[in-house]
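All remarks here apply to the structure that follows.
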Amino acid sequence: MGESDNGRVARRTLVVLGLLLATIAVLFIGYETRRVLTWIAIAGFFAVALHPAVNWMTRKVPFCRRWLATLLVFLATFALLGGLVTLFVVPLVREGSQVVADLPRFVEDLRNGRGPAGHLIERFNLLEYAQNNESRIREYASGLGAPTLAFLGSVATGVAGIVTIFVLSYLMVLEAPKIVDGFLGLFAPRRAEHIRRVGQDCTGTITGYITGNLLISVICGTFTFVVLLVMNVPFAGLIALFVGLVDLIPLVGATLGAIVATGTAFFESTTAGIVVLVFFVLYQQLENHLLQPLIFARTVKLNPLTVLVAILIAVELAGILGALMAIPVAGILQILARDIWDTHRGGLKAEPTVGEDRTPVSAAAAGAADTDTAFAADAAEPKVSR
């Protein structure tokens, strides 16, 4: 008996050690492949967002097979992104060439203390500091070769990541019916239908998040353009487009755009810089504490407090990527938690029960009816006296 107990304990110990080692191995593999896993997560995010458009085309457009609908939707998305990049890059190249042409005059203004930037340089003695530390500045500039190569390498990795995400999301959308049907085939029909409904709710959450985020970015870009235009800041349209794009990043996006817009405004005039700075300080508070919670409460069906807390926690855990994924992940977790509650605890039973034994009402009623019938038959039976 003792040997049997010792063997059982040994087996349990081996099982625990095996599970511990497997967990460590999974965590190690996940850490080593975190970049690829991030690409897969982003690709899945976009695939879920574009999946409804592909389904709509396959239902509404005659003779449109799924491969054709997927191709058309992704071509439209690629054309939209290409148009945004063109709107941003073409003016940037044009204005950049103009800046290069005006560079000698700009440098001369800086040396002579003319213009807003020249006044700032003269006030803080920046030109004198540069002349006194010329050798140190040259030494620092000569050491920028390695960081520049590292930056170019990161840019190449980013381009490869974008292409990989695009291909992965395309294949995910194309093969979505097979993947979903194969996964649901592992469950009973009733359970599979339940999982399908929950998955549709999660998809709606991601689509609502994208819609709400685009709406907020349009509002931010429009307000920025109006303020820059009123203050006669150059490149108002280009800067407003940049601000709208980076504003897709919750919480920190408006700050990134504000740095560029405010810096450009200060080069135009000190008054314009102060006005733009005050505008972004006020607008960021408005967006973070009013627009985002209210809009996402309608599109993602999240409580405004939940939205704010989710973004803050995700930024702390995963930085910018966490900020991008915080709201849809919070919405999905809310859907799953509500479903678990309704299914296992908070939902109504398939049939009410009575008694401590939780006997179904129908069975209790049938038992009561049988008892009444037996009692009536017993009452109708004639009594025989002795």
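The way I read the labels, and the way they are meant: chains A, B, ... in the order of the structure tokens, residue 1 as the first residue of every chain, and ligand 1 as the first ligand shown, with later ones counted on from there.
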
What lies within 12 Å of segment 209-216 of chain A using only C-alpha atoms, ignoring chain neighbours under 4 positions off, as a count of residues only?
53

What gap, in Å, lies between atom CA of Val281 of chain A and atom CA of Glu316 of chain A?
21.7 Å

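Counting from atom CA of Thr270 of chain A, the distance to atom CA of Met231 of chain A is 10.8 Å.
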